[in-house]
file upload36.txt (compact mmCIF, C-alpha atoms and all ligand atoms)
# COMPACT_ATOMS: atom_id res chain seq x y z
CA MET H 7 1.85 13.79 0.81
CA ASN H 8 0.20 11.89 -2.07
CA VAL H 9 -3.31 10.55 -1.69
CA PHE H 10 -4.86 7.77 -3.75
CA SER H 11 -8.21 6.07 -3.51
CA GLY H 12 -10.33 3.97 -5.82
CA ILE H 13 -14.04 3.33 -6.01
CA GLN H 14 -16.00 0.94 -8.18
CA PRO H 15 -18.48 2.41 -10.66
CA THR H 16 -20.93 -0.49 -10.54
CA GLY H 17 -23.53 -0.73 -7.79
CA ALA H 18 -25.45 2.35 -6.71
CA LYS H 19 -23.53 4.38 -4.15
CA HIS H 20 -24.86 4.40 -0.62
CA LEU H 21 -24.39 5.96 2.78
CA GLY H 22 -21.57 3.51 3.61
CA ASN H 23 -19.66 4.70 0.54
CA TYR H 24 -20.20 8.26 1.67
CA ALA H 25 -18.95 7.57 5.21
CA GLY H 26 -15.93 5.42 4.32
CA GLY H 27 -15.28 6.94 0.89
CA PHE H 28 -16.55 10.26 -0.47
CA ARG H 29 -16.43 12.08 2.85
CA GLN H 30 -12.82 11.12 3.42
CA TYR H 31 -11.77 11.85 -0.15
CA VAL H 32 -12.70 15.48 0.29
CA ALA H 33 -10.87 15.74 3.61
CA THR H 34 -7.71 14.13 2.23
CA GLN H 35 -7.85 16.22 -0.96
CA ASP H 36 -7.50 19.25 1.28
CA GLU H 37 -4.69 17.69 3.32
CA ALA H 38 -2.74 16.71 0.21
CA ALA H 39 -2.92 20.30 -1.01
CA THR H 40 -1.65 21.78 2.25
CA GLU H 41 1.32 19.41 2.17
CA ALA H 42 2.23 20.07 -1.44
CA GLY H 43 1.13 16.61 -2.50
CA GLU H 44 -1.16 15.36 -5.21
CA ALA H 45 -4.50 13.60 -4.83
CA PHE H 46 -5.74 10.89 -7.19
CA PHE H 47 -9.26 9.49 -7.19
CA CYS H 48 -9.75 6.60 -9.53
CA ILE H 49 -13.00 5.16 -10.85
CA VAL H 50 -11.91 1.53 -10.89
CA ASP H 51 -13.83 0.31 -13.93
CA LEU H 52 -11.33 -2.54 -14.51
CA HIS H 53 -12.15 -3.90 -11.06
CA SER H 54 -15.85 -3.81 -11.86
CA VAL H 55 -15.57 -6.42 -14.62
CA SER H 56 -14.27 -9.04 -12.15
CA VAL H 57 -17.87 -10.03 -11.45
CA GLU H 58 -20.70 -10.40 -13.94
CA HIS H 59 -21.70 -6.97 -15.22
CA ASP H 60 -23.82 -5.32 -17.86
CA PRO H 61 -21.72 -3.31 -20.37
CA VAL H 62 -24.36 -0.61 -20.86
CA ASP H 63 -24.70 -0.23 -17.11
CA LEU H 64 -20.92 -0.03 -16.60
CA ARG H 65 -20.65 2.86 -19.08
CA GLU H 66 -23.50 4.82 -17.48
CA ARG H 67 -22.34 4.14 -13.94
CA THR H 68 -18.83 5.31 -14.73
CA LEU H 69 -20.21 8.71 -15.73
CA ASP H 70 -22.57 8.69 -12.73
CA LEU H 71 -19.68 8.08 -10.38
CA PHE H 72 -17.59 10.87 -11.83
CA ALA H 73 -20.51 13.25 -11.30
CA MET H 74 -20.99 11.91 -7.77
CA LEU H 75 -17.34 12.43 -6.85
CA VAL H 76 -17.56 16.05 -7.95
CA ALA H 77 -21.00 16.57 -6.39
CA THR H 78 -19.73 15.40 -2.99
CA GLY H 79 -16.87 17.87 -3.05
CA LEU H 80 -13.88 16.74 -5.10
CA ASP H 81 -12.43 19.46 -7.28
CA PRO H 82 -11.29 18.27 -10.74
CA GLU H 83 -8.88 21.20 -10.92
CA ARG H 84 -7.06 20.24 -7.74
CA SER H 85 -7.31 16.46 -7.83
CA ALA H 86 -6.91 13.99 -10.66
CA ILE H 87 -10.28 12.25 -10.99
CA PHE H 88 -10.06 9.61 -13.71
CA ALA H 89 -11.14 6.21 -14.99
CA GLN H 90 -8.69 3.35 -14.42
CA SER H 91 -9.13 1.99 -17.97
CA HIS H 92 -7.95 5.32 -19.41
CA VAL H 93 -4.51 4.90 -17.88
CA THR H 94 -3.00 1.68 -19.24
CA ALA H 95 -0.27 1.72 -16.59
CA HIS H 96 -2.79 0.11 -14.22
CA ALA H 97 -3.26 -3.00 -16.34
CA GLU H 98 0.50 -3.22 -16.90
CA ALA H 99 1.37 -2.84 -13.21
CA ASN H 100 -1.20 -5.52 -12.48
CA TRP H 101 0.72 -8.08 -14.55
CA LEU H 102 4.13 -7.11 -13.24
CA LEU H 103 3.01 -7.17 -9.61
CA SER H 104 1.13 -10.45 -9.98
CA ASN H 105 4.57 -12.04 -10.12
CA VAL H 106 5.59 -10.71 -6.73
CA THR H 107 2.30 -11.69 -5.10
CA SER H 108 1.81 -15.27 -3.93
CA PHE H 109 -1.16 -17.51 -4.53
CA GLY H 110 -1.28 -18.12 -0.78
CA GLU H 111 -1.55 -14.42 0.04
CA LEU H 112 -4.42 -13.95 -2.39
CA ARG H 113 -6.19 -17.03 -1.11
CA ARG H 114 -6.36 -15.48 2.37
CA MET H 115 -8.30 -12.40 1.24
CA THR H 116 -11.66 -12.42 2.99
CA GLN H 117 -13.33 -10.19 0.39
CA PHE H 118 -12.46 -12.77 -2.27
CA LYS H 119 -14.01 -15.54 -0.20
CA ASP H 120 -17.17 -13.52 0.42
CA LYS H 121 -17.57 -12.41 -3.17
CA ALA H 122 -16.69 -15.85 -4.58
CA ASP H 123 -19.43 -17.42 -2.45
CA ALA H 124 -21.94 -15.07 -4.07
CA GLN H 125 -20.90 -15.85 -7.67
CA GLU H 126 -21.82 -18.71 -9.90
CA PHE H 127 -18.81 -18.02 -12.13
CA VAL H 128 -15.73 -17.15 -10.08
CA SER H 129 -13.36 -15.37 -12.47
CA ALA H 130 -9.57 -15.42 -12.23
CA GLY H 131 -9.89 -11.62 -12.19
CA LEU H 132 -11.84 -11.75 -8.95
CA PHE H 133 -8.98 -13.72 -7.42
CA THR H 134 -6.25 -11.33 -8.59
CA TYR H 135 -8.32 -8.20 -7.91
CA PRO H 136 -6.10 -7.16 -4.95
CA VAL H 137 -3.04 -7.13 -7.24
CA LEU H 138 -4.71 -4.64 -9.55
CA MET H 139 -5.54 -2.56 -6.49
CA ALA H 140 -1.94 -2.74 -5.24
CA GLY H 141 -0.78 -1.44 -8.62
CA ASP H 142 -3.31 1.41 -8.49
CA ILE H 143 -1.87 2.59 -5.22
CA LEU H 144 1.83 1.96 -5.83
CA LEU H 145 2.01 3.63 -9.25
CA TYR H 146 1.44 7.02 -7.63
CA GLN H 147 4.03 6.86 -4.82
CA THR H 148 1.05 7.08 -2.50
CA ASP H 149 1.41 7.97 1.17
CA VAL H 150 -2.21 7.83 2.22
CA VAL H 151 -5.13 5.65 1.10
CA PRO H 152 -8.51 6.82 2.47
CA VAL H 153 -10.90 3.84 2.56
CA GLY H 154 -13.43 2.04 4.73
CA VAL H 155 -12.20 -0.75 7.02
CA ASP H 156 -13.38 -3.44 4.59
CA GLN H 157 -10.29 -2.54 2.53
CA ARG H 158 -7.77 -2.90 5.35
CA GLN H 159 -6.60 -6.35 4.30
CA HIS H 160 -6.06 -5.17 0.72
CA VAL H 161 -4.02 -2.18 1.86
CA GLU H 162 -1.86 -4.46 4.04
CA LEU H 163 -1.32 -6.77 1.06
CA THR H 164 -0.27 -3.73 -0.99
CA ARG H 165 2.39 -2.91 1.58
CA ASN H 166 3.69 -6.48 1.54
CA VAL H 167 3.86 -6.53 -2.24
CA ALA H 168 5.68 -3.18 -2.27
CA GLU H 169 8.22 -4.38 0.29
CA ARG H 170 8.85 -7.58 -1.63
CA PHE H 171 9.34 -5.71 -4.89
CA ASN H 172 11.65 -3.20 -3.21
CA SER H 173 13.76 -5.92 -1.66
CA ARG H 174 14.00 -8.00 -4.85
CA TYR H 175 14.55 -5.24 -7.36
CA GLY H 176 15.64 -2.18 -5.40
CA GLN H 177 13.78 0.68 -3.77
CA THR H 178 10.91 1.57 -6.13
CA PHE H 179 7.74 2.10 -4.13
CA LYS H 180 6.75 4.13 -1.12
CA LEU H 181 4.89 2.13 1.53
CA PRO H 182 1.33 3.46 1.66
CA ARG H 183 -0.75 3.75 4.80
CA GLY H 184 -4.51 3.17 4.95
CA VAL H 185 -6.57 5.83 6.71
CA TYR H 186 -9.94 4.85 8.09
CA PRO H 187 -12.50 7.23 9.57
CA GLU H 188 -12.78 7.12 13.37
CA ILE H 189 -16.54 6.88 13.17
CA GLY H 190 -18.43 5.46 10.23
CA ALA H 191 -15.65 3.26 8.82
CA LYS H 192 -18.23 0.51 8.58
CA ILE H 193 -21.87 1.52 8.22
CA MET H 194 -24.17 -1.44 8.69
CA ASP H 195 -27.34 -2.49 6.89
CA LEU H 196 -30.45 -0.96 8.50
CA GLN H 197 -32.37 -4.24 8.33
CA GLU H 198 -29.53 -6.60 9.21
CA PRO H 199 -27.08 -4.58 11.30
CA GLU H 200 -24.64 -7.47 11.57
CA LYS H 201 -23.89 -7.05 7.82
CA LYS H 202 -22.19 -4.05 6.25
CA MET H 203 -24.30 -1.76 4.10
CA SER H 204 -23.57 -2.98 0.58
CA THR H 205 -25.27 -3.43 -2.78
CA THR H 206 -23.96 -6.98 -3.00
CA GLY H 207 -24.27 -8.37 0.52
CA GLY H 208 -26.93 -6.30 2.29
CA THR H 209 -30.69 -5.91 1.97
CA GLU H 210 -32.42 -3.51 -0.41
CA ALA H 211 -34.67 -2.01 2.31
CA GLY H 212 -31.68 -1.58 4.60
CA THR H 213 -29.46 0.25 2.11
CA VAL H 214 -29.78 4.04 1.88
CA TYR H 215 -28.61 5.28 -1.51
CA ILE H 216 -27.11 8.72 -1.99
CA LEU H 217 -29.73 9.40 -4.66
CA ASP H 218 -32.73 8.14 -2.64
CA SER H 219 -35.69 10.53 -2.36
CA ALA H 220 -36.60 12.07 1.00
CA GLU H 221 -39.61 9.72 1.24
CA GLU H 222 -37.49 6.64 0.61
CA ILE H 223 -35.00 7.74 3.24
CA GLN H 224 -37.73 8.34 5.84
CA ARG H 225 -39.25 4.94 5.08
CA LYS H 226 -35.95 3.08 5.33
CA PHE H 227 -35.10 4.61 8.70
CA LYS H 228 -38.61 4.16 10.01
CA THR H 229 -38.42 0.41 9.41
CA ALA H 230 -34.79 0.14 10.57
CA VAL H 231 -34.17 -2.67 13.04
CA THR H 232 -33.45 -1.43 16.54
CA ASP H 233 -32.58 -3.42 19.64
CA SER H 234 -34.47 -4.38 22.76
CA GLY H 235 -34.69 -1.62 25.36
CA ARG H 236 -35.31 2.06 24.74
CA GLU H 237 -32.00 3.81 25.32
CA VAL H 238 -30.17 5.56 22.54
CA LEU H 239 -26.81 4.10 23.47
CA HIS H 240 -23.74 3.15 21.46
CA ALA H 241 -22.96 -0.32 22.80
CA GLU H 242 -21.68 -3.65 21.60
CA ASP H 243 -24.96 -5.47 22.28
CA LYS H 244 -26.96 -2.79 20.41
CA PRO H 245 -25.78 -3.07 16.80
CA GLY H 246 -28.92 -1.51 15.30
CA VAL H 247 -29.02 1.59 17.50
CA SER H 248 -25.23 1.98 17.46
CA ASN H 249 -25.33 2.06 13.68
CA LEU H 250 -28.04 4.75 13.70
CA ILE H 251 -25.97 6.80 16.14
CA GLU H 252 -22.94 6.52 13.87
CA ILE H 253 -25.02 7.55 10.86
CA MET H 254 -26.24 10.58 12.82
CA THR H 255 -22.66 11.60 13.66
CA VAL H 256 -21.62 11.17 10.01
CA ALA H 257 -24.54 13.35 8.91
CA THR H 258 -24.15 16.15 11.45
CA GLY H 259 -20.51 15.99 12.53
CA GLU H 260 -21.50 15.67 16.20
CA SER H 261 -19.82 13.28 18.64
CA ILE H 262 -21.39 10.01 19.72
CA GLU H 263 -21.79 11.39 23.25
CA ALA H 264 -23.62 14.48 22.01
CA VAL H 265 -26.09 12.35 20.05
CA GLN H 266 -26.65 10.01 23.00
CA SER H 267 -27.38 12.80 25.44
CA ARG H 268 -29.66 14.67 23.03
CA TYR H 269 -31.91 11.60 22.67
CA ASP H 270 -31.63 10.44 26.25
CA GLY H 271 -35.02 9.09 27.34
CA GLN H 272 -36.78 9.86 24.05
CA GLY H 273 -37.26 6.33 22.69
CA TYR H 274 -36.51 5.08 19.22
CA GLY H 275 -39.36 6.55 17.19
CA THR H 276 -38.26 10.19 17.38
CA PHE H 277 -34.63 9.24 17.09
CA LYS H 278 -35.13 7.28 13.87
CA SER H 279 -37.11 10.01 12.21
CA GLU H 280 -34.53 12.65 13.16
CA VAL H 281 -31.67 10.52 11.85
CA ALA H 282 -33.62 10.26 8.59
CA GLN H 283 -34.07 14.04 8.52
CA ALA H 284 -30.35 14.64 9.11
CA VAL H 285 -29.48 12.24 6.29
CA ILE H 286 -31.93 13.96 3.94
CA GLU H 287 -30.32 17.32 4.71
CA LEU H 288 -26.86 15.87 4.18
CA LEU H 289 -27.71 14.32 0.82
CA GLN H 290 -29.95 16.93 -0.78
CA PRO H 291 -27.19 19.30 -1.92
CA PHE H 292 -25.22 16.36 -3.34
CA GLN H 293 -28.26 15.21 -5.29
CA GLN H 294 -28.81 18.61 -6.78
CA ARG H 295 -25.20 19.06 -7.86
CA PHE H 296 -25.08 15.49 -9.13
CA HIS H 297 -27.85 16.14 -11.65
CA GLU H 298 -26.32 19.41 -12.84
CA ILE H 299 -22.98 17.75 -13.56
CA ARG H 300 -24.34 14.47 -14.92
CA ASP H 301 -26.50 16.23 -17.49
CA ASP H 302 -23.53 17.89 -19.21
CA ALA H 303 -22.01 14.95 -21.11
CA GLY H 304 -19.53 17.09 -23.06
CA GLU H 305 -18.07 18.62 -19.94
CA LEU H 306 -17.92 15.20 -18.24
CA HIS H 307 -15.85 13.76 -21.06
CA ARG H 308 -13.57 16.77 -21.08
CA LEU H 309 -12.95 16.46 -17.34
CA LEU H 310 -12.36 12.70 -17.57
CA ALA H 311 -9.78 13.27 -20.30
CA ALA H 312 -8.02 15.92 -18.21
CA GLY H 313 -7.95 13.59 -15.18
CA ALA H 314 -6.52 10.74 -17.26
CA GLU H 315 -3.80 12.98 -18.59
CA LYS H 316 -2.69 14.02 -15.11
CA ALA H 317 -2.75 10.41 -13.94
CA ARG H 318 -0.73 9.19 -16.93
CA ALA H 319 1.96 11.76 -16.36
CA ALA H 320 2.17 10.94 -12.65
CA SER H 321 2.26 7.15 -12.98
CA GLN H 322 4.56 6.72 -15.99
CA PRO H 323 7.89 7.24 -14.17
CA THR H 324 7.04 4.53 -11.64
CA LEU H 325 5.89 2.13 -14.34
CA ASP H 326 9.11 2.75 -16.27
CA ALA H 327 11.16 2.07 -13.14
CA MET H 328 9.29 -1.21 -12.61
CA TYR H 329 10.08 -2.47 -16.12
CA GLU H 330 13.64 -1.27 -15.87
CA ARG H 331 14.39 -2.92 -12.53
CA MET H 332 12.72 -6.19 -13.45
CA GLY H 333 15.10 -6.47 -16.39
CA PHE H 334 13.05 -5.67 -19.46
CA VAL H 335 14.88 -4.22 -22.46
CA ARG H 336 13.81 -0.61 -22.80
CA LEU H 337 13.71 1.19 -26.13
CA SER H 338 14.81 4.69 -25.46
P1 LIG H 401 -16.78 0.33 -3.38
O1 LIG H 401 -18.08 0.96 -3.78
O2 LIG H 401 -16.92 -1.08 -2.90
O3 LIG H 401 -15.70 0.53 -4.40
O4 LIG H 401 -16.29 1.12 -2.07
C1 LIG H 401 -15.89 2.46 -2.10
C2 LIG H 401 -15.44 2.93 -0.74
O5 LIG H 401 -16.52 2.86 0.19
C3 LIG H 401 -14.32 2.09 -0.13
O6 LIG H 401 -13.40 2.94 0.50
C4 LIG H 401 -15.01 1.23 0.88
O7 LIG H 401 -14.16 0.88 1.95
C5 LIG H 401 -16.12 2.16 1.36
N1 LIG H 401 -17.29 1.42 1.88
C6 LIG H 401 -18.05 0.51 1.21
N2 LIG H 401 -19.05 0.05 2.01
C7 LIG H 401 -18.92 0.69 3.21
C8 LIG H 401 -19.65 0.66 4.44
N3 LIG H 401 -20.72 -0.12 4.60
N4 LIG H 401 -19.22 1.47 5.45
C9 LIG H 401 -18.14 2.28 5.30
N5 LIG H 401 -17.41 2.35 4.18
C10 LIG H 401 -17.78 1.57 3.13
N1 LIG H 402 -11.20 -2.46 -3.78
C1 LIG H 402 -11.75 -1.17 -3.46
C2 LIG H 402 -13.22 -1.33 -3.04
O1 LIG H 402 -13.87 -2.27 -3.41
C3 LIG H 402 -11.67 -0.22 -4.63
C4 LIG H 402 -10.26 0.10 -5.01
C5 LIG H 402 -9.61 -0.32 -6.15
C6 LIG H 402 -9.34 0.90 -4.27
N2 LIG H 402 -8.36 0.18 -6.18
C7 LIG H 402 -8.16 0.93 -5.05
C8 LIG H 402 -9.42 1.58 -3.07
C9 LIG H 402 -7.03 1.64 -4.61
C10 LIG H 402 -8.30 2.28 -2.64
C11 LIG H 402 -7.11 2.31 -3.40
O2 LIG H 402 -13.72 -0.50 -2.36

call {"tool": "encode", "arguments": {"input": "upload36.txt", "output": "structure tokens"}}
result
Amino acid sequence: MNVFSGIQPTGAKHLGNYAGGFRQYVATQDEAATEAGEAFFCIVDLHSVSVEHDPVDLRERTLDLFAMLVATGLDPERSAIFAQSHVTAHAEANWLLSNVTSFGELRRMTQFKDKADAQEFVSAGLFTYPVLMAGDILLYQTDVVPVGVDQRQHVELTRNVAERFNSRYGQTFKLPRGVYPEIGAKIMDLQEPEKKMSTTGGTEAGTVYILDSAEEIQRKFKTAVTDSGREVLHAEDKPGVSNLIEIMTVATGESIEAVQSRYDGQGYGTFKSEVAQAVIELLQPFQQRFHEIRDDAGELHRLLAAGAEKARAASQPTLDAMYERMGFVRLS
């Protein structure tokens, strides 16, 4: 079973990324190993330039993200952790696949619509972003793609593109399947719980970053929006409290029911401060490891190079097959 996921280096990483991303990467890394598969975790720096970005920031954030992936539990010996721009197959697959993806399909992508609304300059790259993502996944004969639910539409598009390519040019790609966490697939903003936690769409005070200090975390939970009433209950009409319950289950591994019954009748004040405490305890070891890894630039570059090498070797046969089947002359 091969696993592939991608994560953007720009934008500070937050609790939503942990719940829908990092946490699942580690779990699927272990599954891939038990089923004799390979796991690939890609820092999608090429995706990050589809919106306005600062070059200095991109470079720093790419190294930050590598350190964060390792700090949260990925093992560079067992998995290939690499930067997308280091493996040119991704840019090549992007072009080839853009010719088996329709304008109409891309126009329906809700993430494009949301992001385009927030940009003054809407790049062509932002529009074709899902094609680059499809290539990422398909190049590795991926079975499983661990992501948050915001990526569901992109994973479905990837399957459609793969099927179209296979039927036009012959069986080339496996059809990948998205896996979404049962709880915590969409962590919401603490201030505006109808929006997902995000560095682009959410609020600053309602976004808990993985590198936030204990004081910042306490403050953000303390001012978190709750709902009318007093019960700690996971319910449709209680988006604020439901989100806090989900965050608690992500932090401690408990079930929703266990959290509800523990805080039964205690009101929101205690609950919020204990969720904050659980999050602090979850994040502290990551923060410590993050700084140890991030401070060793030589080792970081060495590990990135090793990851790129594994990824190149794994993706090249599929890229070659794509060129071959589409009818390009190959120089042997
Ligand atoms: P990004 O930082 O946008 O590249 O996202 C990295 C991973 O985090 C993807 O798998 C997303 O689906 C996931 N993710 C982003 N925001 C959230 C959120 N608020 N809740 C759960 N998962 C999320
Ligand atoms: N689009 C994804 C996001 O914003 C990141 C991504 C790029 C990705 N390529 C991928 C995720 C391949 C999974 C598989 O979160």

call {"tool": "closest_residue", "arguments": {"input": "upload36.txt", "among": "H:Ser85, H:Gln159, H:Ser234, H:Asn105", "to": "ligand LIG 401 (chain H)", "atoms": "all atoms listed in the file"}}
result
H:Gln159

call {"tool": "residues_near_point", "arguments": {"input": "upload36.txt", "point": "(-14.8, 6.9, -3.5)", "cutoff": "8 Å", "atoms": "all atoms listed in the file", "output": "list in words"}}
result
Ser11, Gly12, Ile13, Gln14, Asn23, Tyr24, Gly27, Phe28, Tyr31, Phe47, Cys48, Ile49, Leu75 and Val153 of chain H

call {"tool": "residues_near_ligand", "arguments": {"input": "upload36.txt", "ligand": "ligand LIG 401 (chain H)", "cutoff": "6 Å", "atoms": "all atoms listed in the file", "output": "MDAnalysis selection string"}}
result
chainID H and resid 13:14 22:23 25:27 153:157 190:194 202:204

call {"tool": "residues_near_point", "arguments": {"input": "upload36.txt", "point": "(-15.6, 17.4, 1.8)", "cutoff": "12 Å", "atoms": "only C-alpha atoms", "output": "list in words"}}
result
Tyr24, Ala25, Gly27, Phe28, Arg29, Gln30, Tyr31, Val32, Ala33, Thr34, Gln35, Asp36, Glu37, Leu75, Val76, Ala77, Thr78, Gly79, Leu80, Asp81, Val256, Gly259, Leu288 and Phe292 of chain H

call {"tool": "write_last_selection", "arguments": {"input": "upload36.txt", "atoms": "C-alpha atoms", "output": "compact mmCIF listing (two decimals), in the coordinates of the input"}}
result
# COMPACT_ATOMS: atom_id res chain seq x y z
CA TYR H 24 -20.20 8.26 1.67
CA ALA H 25 -18.95 7.57 5.21
CA GLY H 27 -15.28 6.94 0.89
CA PHE H 28 -16.55 10.26 -0.47
CA ARG H 29 -16.43 12.08 2.85
CA GLN H 30 -12.82 11.12 3.42
CA TYR H 31 -11.77 11.85 -0.15
CA VAL H 32 -12.70 15.48 0.29
CA ALA H 33 -10.87 15.74 3.61
CA THR H 34 -7.71 14.13 2.23
CA GLN H 35 -7.85 16.22 -0.96
CA ASP H 36 -7.50 19.25 1.28
CA GLU H 37 -4.69 17.69 3.32
CA LEU H 75 -17.34 12.43 -6.85
CA VAL H 76 -17.56 16.05 -7.95
CA ALA H 77 -21.00 16.57 -6.39
CA THR H 78 -19.73 15.40 -2.99
CA GLY H 79 -16.87 17.87 -3.05
CA LEU H 80 -13.88 16.74 -5.10
CA ASP H 81 -12.43 19.46 -7.28
CA VAL H 256 -21.62 11.17 10.01
CA GLY H 259 -20.51 15.99 12.53
CA LEU H 288 -26.86 15.87 4.18
CA PHE H 292 -25.22 16.36 -3.34

call {"tool": "closest_residue", "arguments": {"input": "upload36.txt", "among": "H:Ala18, H:Val281, H:Leu138, H:Ala317", "to": "ligand LIG 402 (chain H)", "atoms": "all atoms listed in the file"}}
result
H:Leu138

call {"tool": "atom_distance", "arguments": {"input": "upload36.txt", "atom1": "atom CA of H:Pro291", "atom2": "atom CA of H:Phe227"}}
result
19.8 Å

call {"tool": "atom_distance", "arguments": {"input": "upload36.txt", "atom1": "atom C10 of ligand LIG 402 (chain H)", "atom2": "atom CA of H:Ile299"}}
result
24.0 Å

call {"tool": "atom_distance", "arguments": {"input": "upload36.txt", "atom1": "atom CA of H:Arg225", "atom2": "atom CA of H:Lys244"}}
result
21.1 Å

call {"tool": "residues_around", "arguments": {"input": "upload36.txt", "residues": "H:Lys180", "least_positions_apart": "6", "cutoff": "7 Å", "atoms": "all atoms listed in the file", "output": "PyMOL selection string"}}
result
chain H and resi 147-149

call {"tool": "closest_residue", "arguments": {"input": "upload36.txt", "among": "H:Asn100, H:Thr276, H:Thr209, H:Ala38", "to": "H:Val151", "atoms": "all atoms listed in the file"}}
result
H:Ala38

call {"tool": "decode", "arguments": {"input": "upload36.txt", "residues": "stretch 123-141 of chain H", "atoms": "N, CA and C atoms", "output": "PDB file, in the first residue's frame"}}
result
ATOM      1  N   ASP H 123     -11.446  34.515  -4.793  1.00  0.00           N
ATOM      2  CA  ASP H 123     -12.157  35.657  -4.213  1.00  0.00           C
ATOM      3  C   ASP H 123     -11.254  36.474  -3.307  1.00  0.00           C
ATOM      4  N   ALA H 124     -10.258  35.797  -2.703  1.00  0.00           N
ATOM      5  CA  ALA H 124      -9.396  36.480  -1.746  1.00  0.00           C
ATOM      6  C   ALA H 124      -8.164  37.118  -2.409  1.00  0.00           C
ATOM      7  N   GLN H 125      -8.007  36.935  -3.723  1.00  0.00           N
ATOM      8  CA  GLN H 125      -6.807  37.441  -4.400  1.00  0.00           C
ATOM      9  C   GLN H 125      -7.134  38.623  -5.286  1.00  0.00           C
ATOM     10  N   GLU H 126      -6.193  39.548  -5.356  1.00  0.00           N
ATOM     11  CA  GLU H 126      -6.348  40.631  -6.310  1.00  0.00           C
ATOM     12  C   GLU H 126      -5.926  40.136  -7.699  1.00  0.00           C
ATOM     13  N   PHE H 127      -4.820  39.400  -7.704  1.00  0.00           N
ATOM     14  CA  PHE H 127      -4.292  38.822  -8.951  1.00  0.00           C
ATOM     15  C   PHE H 127      -4.560  37.323  -8.928  1.00  0.00           C
ATOM     16  N   VAL H 128      -5.460  36.859  -9.774  1.00  0.00           N
ATOM     17  CA  VAL H 128      -5.772  35.423  -9.797  1.00  0.00           C
ATOM     18  C   VAL H 128      -4.914  34.777 -10.884  1.00  0.00           C
ATOM     19  N   SER H 129      -3.912  34.007 -10.456  1.00  0.00           N
ATOM     20  CA  SER H 129      -2.967  33.438 -11.427  1.00  0.00           C
ATOM     21  C   SER H 129      -3.570  32.234 -12.140  1.00  0.00           C
ATOM     22  N   ALA H 130      -3.029  31.945 -13.332  1.00  0.00           N
ATOM     23  CA  ALA H 130      -3.441  30.730 -14.042  1.00  0.00           C
ATOM     24  C   ALA H 130      -3.038  29.510 -13.212  1.00  0.00           C
ATOM     25  N   GLY H 131      -1.935  29.656 -12.468  1.00  0.00           N
ATOM     26  CA  GLY H 131      -1.473  28.553 -11.614  1.00  0.00           C
ATOM     27  C   GLY H 131      -2.483  28.202 -10.540  1.00  0.00           C
ATOM     28  N   LEU H 132      -3.158  29.204 -10.015  1.00  0.00           N
ATOM     29  CA  LEU H 132      -4.166  28.922  -8.985  1.00  0.00           C
ATOM     30  C   LEU H 132      -5.299  28.084  -9.580  1.00  0.00           C
ATOM     31  N   PHE H 133      -5.600  28.380 -10.844  1.00  0.00           N
ATOM     32  CA  PHE H 133      -6.683  27.642 -11.514  1.00  0.00           C
ATOM     33  C   PHE H 133      -6.284  26.182 -11.790  1.00  0.00           C
ATOM     34  N   THR H 134      -5.036  25.978 -12.198  1.00  0.00           N
ATOM     35  CA  THR H 134      -4.616  24.615 -12.560  1.00  0.00           C
ATOM     36  C   THR H 134      -3.980  23.856 -11.388  1.00  0.00           C
ATOM     37  N   TYR H 135      -3.972  24.466 -10.236  1.00  0.00           N
ATOM     38  CA  TYR H 135      -3.425  23.868  -9.011  1.00  0.00           C
ATOM     39  C   TYR H 135      -3.859  22.409  -8.801  1.00  0.00           C
ATOM     40  N   PRO H 136      -5.141  22.072  -9.004  1.00  0.00           N
ATOM     41  CA  PRO H 136      -5.543  20.671  -8.774  1.00  0.00           C
ATOM     42  C   PRO H 136      -4.890  19.676  -9.743  1.00  0.00           C
ATOM     43  N   VAL H 137      -4.448  20.164 -10.910  1.00  0.00           N
ATOM     44  CA  VAL H 137      -3.783  19.265 -11.863  1.00  0.00           C
ATOM     45  C   VAL H 137      -2.400  18.900 -11.336  1.00  0.00           C
ATOM     46  N   LEU H 138      -1.716  19.897 -10.794  1.00  0.00           N
ATOM     47  CA  LEU H 138      -0.402  19.644 -10.192  1.00  0.00           C
ATOM     48  C   LEU H 138      -0.555  18.639  -9.051  1.00  0.00           C
ATOM     49  N   MET H 139      -1.612  18.817  -8.279  1.00  0.00           N
ATOM     50  CA  MET H 139      -1.865  17.898  -7.153  1.00  0.00           C
ATOM     51  C   MET H 139      -2.177  16.487  -7.656  1.00  0.00           C
ATOM     52  N   ALA H 140      -2.939  16.395  -8.740  1.00  0.00           N
ATOM     53  CA  ALA H 140      -3.249  15.065  -9.299  1.00  0.00           C
ATOM     54  C   ALA H 140      -1.956  14.371  -9.717  1.00  0.00           C
ATOM     55  N   GLY H 141      -1.062  15.129 -10.339  1.00  0.00           N
ATOM     56  CA  GLY H 141       0.221  14.561 -10.752  1.00  0.00           C
ATOM     57  C   GLY H 141       1.023  14.081  -9.552  1.00  0.00           C
TER      58      GLY H 141
END
